[in-house]
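One structure below.
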Amino acid sequence: MEKLITVFGATGQQGGTVARALKRAGTFKVRGVTRNPDGDKAKALQALGIEVVKASLDDPESIATAISGSYGVFSVTNYWEFMDKEREIRQGISVADKCKLA
């Protein structure tokens with residue numbers, strides 16, 4: 001059974017690059033996390049064989065669902081979307097906390 005790596009921000013620049021590189025390497029199964037799984041970027045990832053799931057870094061329960069069964073997680077936040085340092089910190093802590101529980 002292939003080990004699963006979950007990549008947050010998979011439709012963005014950084015997360016998308018990581019997701020595609022992991023898929024190309026072929027060592028892991030890759031799950032991409034996005035807020036818009038029906039968008040063109042998400043569909044392009046699916047066409048590469050990357051599983052795409054919906055989650056929000058502002059919703060801890062969706063984070064838990066997204067990382068379920070993962071061997072590893074790549075997480076990236078987007079400070080520039082809201083320019084809110086405290087929100088970004090909360091998001092990062094939420095991912096770390098859910099990873100510890102997984």
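To be explicit about the labels: the chains of the structure tokens are called A, B, and onward in the order shown, and within each one the residues are counted from 1, while ligands get numbers from 1 in the order they are shown.
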So which residues touch segment 55-57 of chain A within 6 Å, counting only C-alpha atoms, skipping near sequence neighbours fewer than 6 positions away, as an MDAnalysis selection string? chainID A and resid 34:35 63 91
Tell me, as a list in words, which residues lie within 10 Å of Arg24 of chain A, counting only C-alpha atoms; anything in the same chain fewer than 5 positions away does not count.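 Selected residues are Val18, Ala19 and Leu48 of chain A.
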To one decimal place, how far is atom CA of Ala21 of chain A from atom CA of Gly69 of chain A in Å? 20.4 Å
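When only C-alpha atoms are used to compute distances to Cys99 of chain A, the closest of the residues A:Thr11, A:Thr77, A:Asn36, A:Ser70 turns out to be A:Ser70.
Picture a line from atom CA of Leu22 of chain A to atom CA of Glu2 of chain A; it runs 12.4 Å.
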Would you return as number ranges by chain the members of chain A that DSSP assigns to strand (DSSP E or B) on this structure's backbone? A: 4-8, 29-34, 51-54, 72-74
If we count only C-alpha atoms and set the cut-off at 9 Å, which residues sit around Gly9 of chain A, ignoring sequence neighbours fewer than 3 positions away in its own chain? Please answer as a PyMOL selection string. chain A and resi 12-16+32-35+74-78
Can you work out which one of A:Asp58, A:Asp38, A:Glu81, A:Glu51 has the shortest atom-to-atom distance to Val95 of chain A, counting only C-alpha atoms? A:Asp58
DSSP on the backbone: which residues in segment 5-96 of chain A end up as helix (DSSP H, G or I)? Give the answer as a VMD selection string. chain A and resid 13 to 25 40 to 47 60 to 67 79 to 82 85 to 96
From the list A:Ala96, A:Ala25, A:Ala10, A:Val30, the nearest residue to Ala64 of chain A using only C-alpha atoms is A:Ala96
Closest of A:Pro37, A:Tyr71, A:Thr6, A:Pro60 to Gly92 of chain A, counting only C-alpha atoms, is A:Pro60
Of the residues A:Ser68, A:Gln46, A:Ser62, A:Ser94, which is the one nearest to Lys23 of chain A, using only C-alpha atoms? A:Gln46
For a test of reading the model, state the distance in Å between atom CA of Val7 of chain A and atom CA of Arg31 of chain A, rounded to one decimal.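 Rounded to one decimal, the two atoms are 6.1 Å apart.
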